[in-house]
file start_3.cif (mmCIF, C-alpha atoms)
data_upload
#
loop_
_atom_site.label_atom_id
_atom_site.label_comp_id
_atom_site.auth_asym_id
_atom_site.auth_seq_id
_atom_site.Cartn_x
_atom_site.Cartn_y
_atom_site.Cartn_z
CA MET T 1 86.62 90.27 104.38
CA GLN T 2 89.46 89.24 102.07
CA LYS T 3 92.97 89.03 103.53
CA GLN T 4 94.30 92.08 101.61
CA GLU T 5 91.31 94.19 102.61
CA LYS T 6 91.70 93.14 106.25
CA ILE T 7 95.36 94.21 106.23
CA VAL T 8 94.44 97.61 104.75
CA SER T 9 91.69 98.06 107.36
CA MET T 10 94.18 97.24 110.13
CA PHE T 11 96.58 99.93 108.90
CA ASP T 12 93.72 102.44 108.67
CA ASP T 13 93.01 101.74 112.33
CA ILE T 14 96.57 102.16 113.62
CA ALA T 15 97.49 105.12 111.36
CA PRO T 16 97.18 107.85 114.05
CA THR T 17 99.71 106.12 116.35
CA TYR T 18 101.81 104.33 113.71
CA ASP T 19 104.79 106.72 113.70
CA LYS T 20 105.02 106.85 117.49
CA ALA T 21 104.86 103.06 117.82
CA ASN T 22 107.52 102.60 115.13
CA ARG T 23 109.92 105.02 116.79
CA VAL T 24 109.60 103.26 120.14
CA MET T 25 109.83 99.73 118.75
CA SER T 26 112.78 100.30 116.43
CA MET T 27 114.60 102.57 118.90
CA GLY T 28 115.44 104.69 115.86
CA VAL T 29 117.78 102.10 114.32
CA ASP T 30 115.64 101.85 111.17
CA ARG T 31 116.89 105.31 110.21
CA SER T 32 120.35 103.98 109.39
CA TRP T 33 118.83 101.11 107.37
CA ARG T 34 116.73 103.53 105.31
CA LYS T 35 119.67 105.87 104.66
CA LYS T 36 121.83 102.93 103.57
CA ALA T 37 119.07 101.80 101.17
CA CYS T 38 118.84 105.21 99.51
CA ASN T 39 122.58 105.79 99.38
CA LYS T 40 123.35 102.36 97.90
CA ALA T 41 120.63 102.71 95.27
CA PHE T 42 121.90 106.13 94.21
CA GLU T 43 125.42 104.70 94.06
CA PHE T 44 124.38 101.91 91.66
CA TYR T 45 122.27 104.22 89.47
CA ALA T 46 125.09 106.78 89.23
CA LYS T 47 123.11 109.74 87.87
CA ASP T 48 122.91 113.27 89.23
CA ARG T 49 119.35 113.83 88.01
CA VAL T 50 116.38 111.58 88.76
CA GLU T 51 112.95 112.16 87.24
CA ARG T 52 110.78 110.04 89.51
CA ILE T 53 111.04 108.00 92.71
CA VAL T 54 108.02 105.89 93.69
CA ASP T 55 107.55 104.56 97.21
CA VAL T 56 105.01 101.72 97.35
CA ALA T 57 103.25 100.97 100.65
CA CYS T 58 104.42 104.48 101.51
CA GLY T 59 102.45 104.64 104.75
CA THR T 60 102.93 108.02 106.38
CA GLY T 61 105.61 109.13 103.91
CA ASP T 62 108.82 108.66 105.89
CA MET T 63 110.76 106.79 103.19
CA MET T 64 110.07 109.52 100.64
CA ASP T 65 111.57 112.00 103.08
CA TYR T 66 114.69 109.82 103.34
CA TRP T 67 114.94 109.70 99.54
CA ARG T 68 114.72 113.48 99.42
CA ARG T 69 117.24 114.09 102.18
CA GLN T 70 119.81 111.59 100.90
CA ALA T 71 119.48 112.98 97.35
CA LYS T 72 120.09 116.49 98.66
CA GLU T 73 123.12 115.30 100.62
CA LYS T 74 124.57 113.75 97.46
CA GLY T 75 123.70 116.70 95.20
CA ILE T 76 121.18 114.67 93.20
CA ASN T 77 118.16 116.49 91.74
CA VAL T 78 114.85 114.61 92.08
CA ASP T 79 111.95 115.96 90.01
CA GLU T 80 109.11 114.02 91.65
CA LEU T 81 108.47 111.81 94.68
CA ILE T 82 105.31 109.70 94.59
CA GLY T 83 103.78 107.61 97.37
CA VAL T 84 101.42 104.72 96.67
CA ASP T 85 99.41 103.01 99.43
CA PRO T 86 95.95 101.40 99.69
CA SER T 87 95.35 102.76 103.21
CA GLU T 88 93.46 106.07 103.27
CA GLY T 89 94.31 106.45 106.96
CA MET T 90 98.06 106.12 106.51
CA VAL T 91 98.17 108.38 103.45
CA GLY T 92 96.07 110.96 105.30
CA VAL T 93 98.80 111.20 107.96
CA GLY T 94 101.43 111.34 105.22
CA ARG T 95 99.71 114.23 103.45
CA GLU T 96 99.74 116.23 106.70
CA LYS T 97 103.43 115.52 107.33
CA PHE T 98 104.67 115.92 103.75
CA PRO T 99 102.11 117.85 101.67
CA GLU T 100 104.71 118.50 98.96
CA PHE T 101 104.77 114.83 97.85
CA THR T 102 102.28 113.26 95.43
CA TYR T 103 100.11 110.40 96.72
CA HIS T 104 97.93 107.72 95.12
CA ILE T 105 95.53 105.43 97.00
CA ALA T 106 96.27 102.17 95.19
CA LYS T 107 97.45 98.59 95.63
CA ALA T 108 100.99 97.46 94.83
CA THR T 109 99.52 95.36 92.02
CA GLU T 110 97.73 98.35 90.43
CA ILE T 111 100.11 101.32 90.42
CA PRO T 112 98.47 104.20 88.50
CA LEU T 113 101.61 105.25 86.63
CA GLU T 114 102.83 104.89 83.05
CA ASP T 115 105.12 102.11 81.82
CA GLU T 116 108.84 102.75 82.33
CA SER T 117 108.29 106.07 84.08
CA ALA T 118 110.23 105.68 87.36
CA ASP T 119 113.96 105.62 88.10
CA PHE T 120 113.55 104.06 91.55
CA LEU T 121 110.77 102.11 93.24
CA SER T 122 111.08 101.35 96.93
CA ILE T 123 108.95 99.32 99.30
CA THR T 124 110.03 99.35 102.94
CA TYR T 125 108.42 96.92 105.39
CA GLY T 126 105.47 96.53 103.05
CA ILE T 127 106.15 93.70 100.62
CA ARG T 128 105.19 91.04 103.18
CA ASN T 129 101.76 92.70 103.42
CA VAL T 130 101.15 92.25 99.69
CA VAL T 131 99.09 89.10 99.19
CA GLU T 132 99.70 88.88 95.43
CA ARG T 133 103.46 89.36 95.61
CA GLU T 134 104.32 87.87 92.21
CA ALA T 135 101.89 90.23 90.47
CA ALA T 136 103.28 93.17 92.46
CA LEU T 137 106.88 92.47 91.46
CA LYS T 138 105.84 92.32 87.80
CA GLU T 139 104.03 95.64 88.29
CA PHE T 140 107.21 97.14 89.79
CA ASN T 141 109.09 96.00 86.70
CA ARG T 142 106.48 97.59 84.42
CA VAL T 143 106.68 100.97 86.14
CA LEU T 144 110.49 101.13 86.24
CA LYS T 145 112.61 102.43 83.40
CA GLN T 146 115.15 100.13 81.78
CA GLY T 147 118.01 100.00 84.28
CA GLY T 148 115.77 101.37 87.06
CA MET T 149 116.23 100.11 90.60
CA VAL T 150 113.83 98.37 92.98
CA VAL T 151 114.76 98.81 96.65
CA ILE T 152 113.30 96.47 99.27
CA LEU T 153 113.75 96.70 103.03
CA GLU T 154 111.95 93.95 104.91
CA PHE T 155 111.81 91.59 107.86
CA MET T 156 112.65 88.31 106.14
CA LYS T 157 111.88 84.82 107.41
CA ASN T 158 114.87 83.14 109.06
CA GLU T 159 114.74 79.37 108.51
CA ASN T 160 117.79 78.38 110.58
CA PRO T 161 118.25 81.08 113.23
CA SER T 162 121.51 81.34 115.17
CA LEU T 163 121.47 82.17 118.88
CA LEU T 164 121.28 85.86 117.94
CA GLY T 165 118.49 85.01 115.53
CA GLN T 166 116.58 83.26 118.30
CA ILE T 167 116.96 86.39 120.44
CA ARG T 168 115.63 88.42 117.51
CA ASP T 169 112.65 86.10 117.15
CA PHE T 170 111.86 86.34 120.88
CA TYR T 171 111.98 90.14 120.66
CA MET T 172 109.79 90.23 117.55
CA ASN T 173 107.29 87.64 118.83
CA LYS T 174 106.98 88.50 122.52
CA ILE T 175 108.14 92.08 123.15
CA LEU T 176 107.26 94.14 120.06
CA PRO T 177 103.57 93.16 119.85
CA LYS T 178 102.99 94.23 123.46
CA VAL T 179 104.76 97.57 122.96
CA GLY T 180 102.94 98.33 119.70
CA GLY T 181 99.63 97.12 121.10
CA PHE T 182 100.00 99.32 124.18
CA ILE T 183 100.73 102.46 122.15
CA SER T 184 98.09 101.86 119.47
CA LYS T 185 95.48 100.15 121.69
CA ASN T 186 95.33 97.52 118.93
CA LEU T 187 97.15 94.38 120.06
CA GLU T 188 95.83 92.32 117.13
CA ALA T 189 97.52 94.60 114.59
CA TYR T 190 100.92 94.22 116.23
CA GLU T 191 100.53 90.49 116.78
CA TYR T 192 100.15 90.37 113.00
CA LEU T 193 103.78 91.56 112.60
CA PRO T 194 105.61 88.39 113.79
CA ASN T 195 102.99 86.17 112.17
CA SER T 196 103.48 87.92 108.82
CA ILE T 197 107.25 87.41 109.05
CA GLY T 198 106.82 83.72 109.81
CA ASP T 199 104.61 83.37 106.74
CA PHE T 200 106.96 85.39 104.53
CA ALA T 201 109.84 84.51 102.20
CA THR T 202 113.47 83.90 103.10
CA VAL T 203 116.13 86.16 101.59
CA GLY T 204 116.94 83.53 98.97
CA GLN T 205 113.29 83.12 98.01
CA MET T 206 112.84 86.88 97.69
CA GLN T 207 115.90 87.14 95.46
CA GLN T 208 114.58 84.36 93.23
CA GLU T 209 111.15 86.00 92.97
CA LEU T 210 112.81 89.26 91.88
CA GLN T 211 114.86 87.45 89.25
CA ASP T 212 111.73 85.69 87.98
CA ALA T 213 110.07 89.11 87.63
CA GLY T 214 112.87 90.42 85.39
CA PHE T 215 115.37 91.91 87.86
CA GLU T 216 119.07 91.40 88.44
CA ILE T 217 120.16 91.35 92.10
CA LYS T 218 122.77 94.07 92.70
CA PHE T 219 123.10 94.19 96.50
CA THR T 220 121.90 92.29 99.57
CA GLN T 221 122.69 93.02 103.21
CA SER T 222 121.09 92.04 106.51
CA PHE T 223 121.24 94.35 109.54
CA SER T 224 121.10 94.05 113.33
CA MET T 225 121.01 90.28 113.98
CA ASP T 226 119.27 89.79 110.63
CA ILE T 227 116.24 91.72 111.87
CA SER T 228 116.04 93.64 108.60
CA THR T 229 117.32 92.87 105.09
CA LEU T 230 118.02 95.23 102.20
CA ILE T 231 117.78 93.96 98.62
CA ILE T 232 118.50 96.22 95.63
CA ALA T 233 117.77 94.88 92.16
CA GLN T 234 117.94 96.40 88.68
CA LYS T 235 115.47 96.04 85.83
CA LYS T 236 117.15 94.13 83.02
#

call {"tool": "encode", "arguments": {"input": "start_3.cif", "output": "structure tokens"}}
result
Amino acid sequence: MQKQEKIVSMFDDIAPTYDKANRVMSMGVDRSWRKKACNKAFEFYAKDRVERIVDVACGTGDMMDYWRRQAKEKGINVDELIGVDPSEGMVGVGREKFPEFTYHIAKATEIPLEDESADFLSITYGIRNVVEREAALKEFNRVLKQGGMVVILEFMKNENPSLLGQIRDFYMNKILPKVGGFISKNLEAYEYLPNSIGDFATVGQMQQELQDAGFEIKFTQSFSMDISTLIIAQKK
């Protein structure tokens, strides 16, 4: 089985317990990161009407719900929210939770949408699972309108961790996999998490890849001992 197919199969397997495991492991702190991502992106775009927001690697739909709620809070009208994910299992859970959103079973490199049709494209904790990342970033650029925003939240690789960073790495490597494995009964899937971070890009590398794909970096911030990093970039 190819690496990308294996990752999709893993997410199919853990889909029924994914939300519960995430809530326990993040202790709810990811909520503030997601709200910040939406609010900052809306701030940079500075429009009170948005035609389309696309969430890639949408999983069970939570990020689309954050987009909707933060837009409502700011008085921004959003015509359409679309989720894209290759995992049938994850999208199945999403459709039950949020039947009002539109979903497509598709890879990040093959988004079934027209050129320059989206105002925002987000991918939260999913870009490190995309094997062909360069192709995906070019696809994001294709789908976004001129001036549209790509919003990335991710666990980035930390090359020179401080003491706090070392504590973070211990938590991510030793504690989280056991918690997620216990809840999902799939230890292998949650051991994949720290391994995927170790194999992933640093913040600087991710910024460069976005620039190479035709984006201008507008905002970067790391949260909670650099556990999570937000990058917002605009299509040139």

call {"tool": "closest_residue", "arguments": {"input": "start_3.cif", "among": "T:Met206, T:Asp212, T:Ala118, T:Val93", "to": "Lys145 (chain T)", "atoms": "only C-alpha atoms"}}
result
T:Ala118

call {"tool": "resolve_selection", "arguments": {"input": "start_3.cif", "expression": "the PyMOL selection byres ((chain T and resi 32-37) around 9)", "output": "list of chain:residue names"}}
result
T:Gly28, T:Val29, T:Asp30, T:Arg31, T:Cys38, T:Asn39, T:Lys40, T:Ala41, T:Phe42, T:Met63, T:Tyr66, T:Trp67, T:Arg69, T:Gln70, T:Thr124, T:Val151, T:Ile152, T:Leu153, T:Phe223, T:Ser228, T:Thr229, T:Leu230, T:Ile231, T:Ile232

call {"tool": "residues_around", "arguments": {"input": "start_3.cif", "residues": "region 99-113 of chain T", "least_positions_apart": "5", "cutoff": "6 Å", "atoms": "all atoms listed in the file", "output": "NGL selection string"}}
result
:T and (81-86 or 135-136 or 139)

call {"tool": "atom_distance", "arguments": {"input": "start_3.cif", "atom1": "CA of Gln208 (chain T)", "atom2": "CA of Ala46 (chain T)"}}
result
25.1 Å

call {"tool": "atom_distance", "arguments": {"input": "start_3.cif", "atom1": "CA of Met10 (chain T)", "atom2": "CA of Ile127 (chain T)"}}
result
15.7 Å

call {"tool": "resolve_selection", "arguments": {"input": "start_3.cif", "expression": "the PyMOL selection byres ((chain T and resi 115) around 9)", "output": "list in words"}}
result
Leu113, Glu114, Glu116, Ser117, Ala118, Asn141, Arg142, Val143, Leu144 and Lys145 of chain T

call {"tool": "atom_distance", "arguments": {"input": "start_3.cif", "atom1": "CA of Gln234 (chain T)", "atom2": "CA of Gly59 (chain T)"}}
result
23.8 Å

call {"tool": "closest_residue", "arguments": {"input": "start_3.cif", "among": "T:Asp226, T:Asp119, T:Glu134, T:Glu216", "to": "Leu163 (chain T)", "atoms": "all atoms listed in the file"}}
result
T:Asp226

call {"tool": "closest_residue", "arguments": {"input": "start_3.cif", "among": "T:Lys3, T:Glu96, T:Glu154, T:Asn77", "to": "Ala57 (chain T)", "atoms": "all atoms listed in the file"}}
result
T:Glu154

call {"tool": "closest_residue", "arguments": {"input": "start_3.cif", "among": "T:Ala201, T:Phe120, T:Lys235, T:Gly92", "to": "Asp55 (chain T)", "atoms": "only C-alpha atoms"}}
result
T:Phe120

call {"tool": "resolve_selection", "arguments": {"input": "start_3.cif", "expression": "the PyMOL selection byres ((chain T and resi 90) around 9)", "output": "list in words"}}
result
Phe11, Asp12, Asp13, Ile14, Ala15, Pro16, Tyr18, Cys58, Gly59, Thr60, Gly61, Asp85, Pro86, Ser87, Glu88, Gly89, Val91, Gly92, Val93, Gly94 and Arg95 of chain T
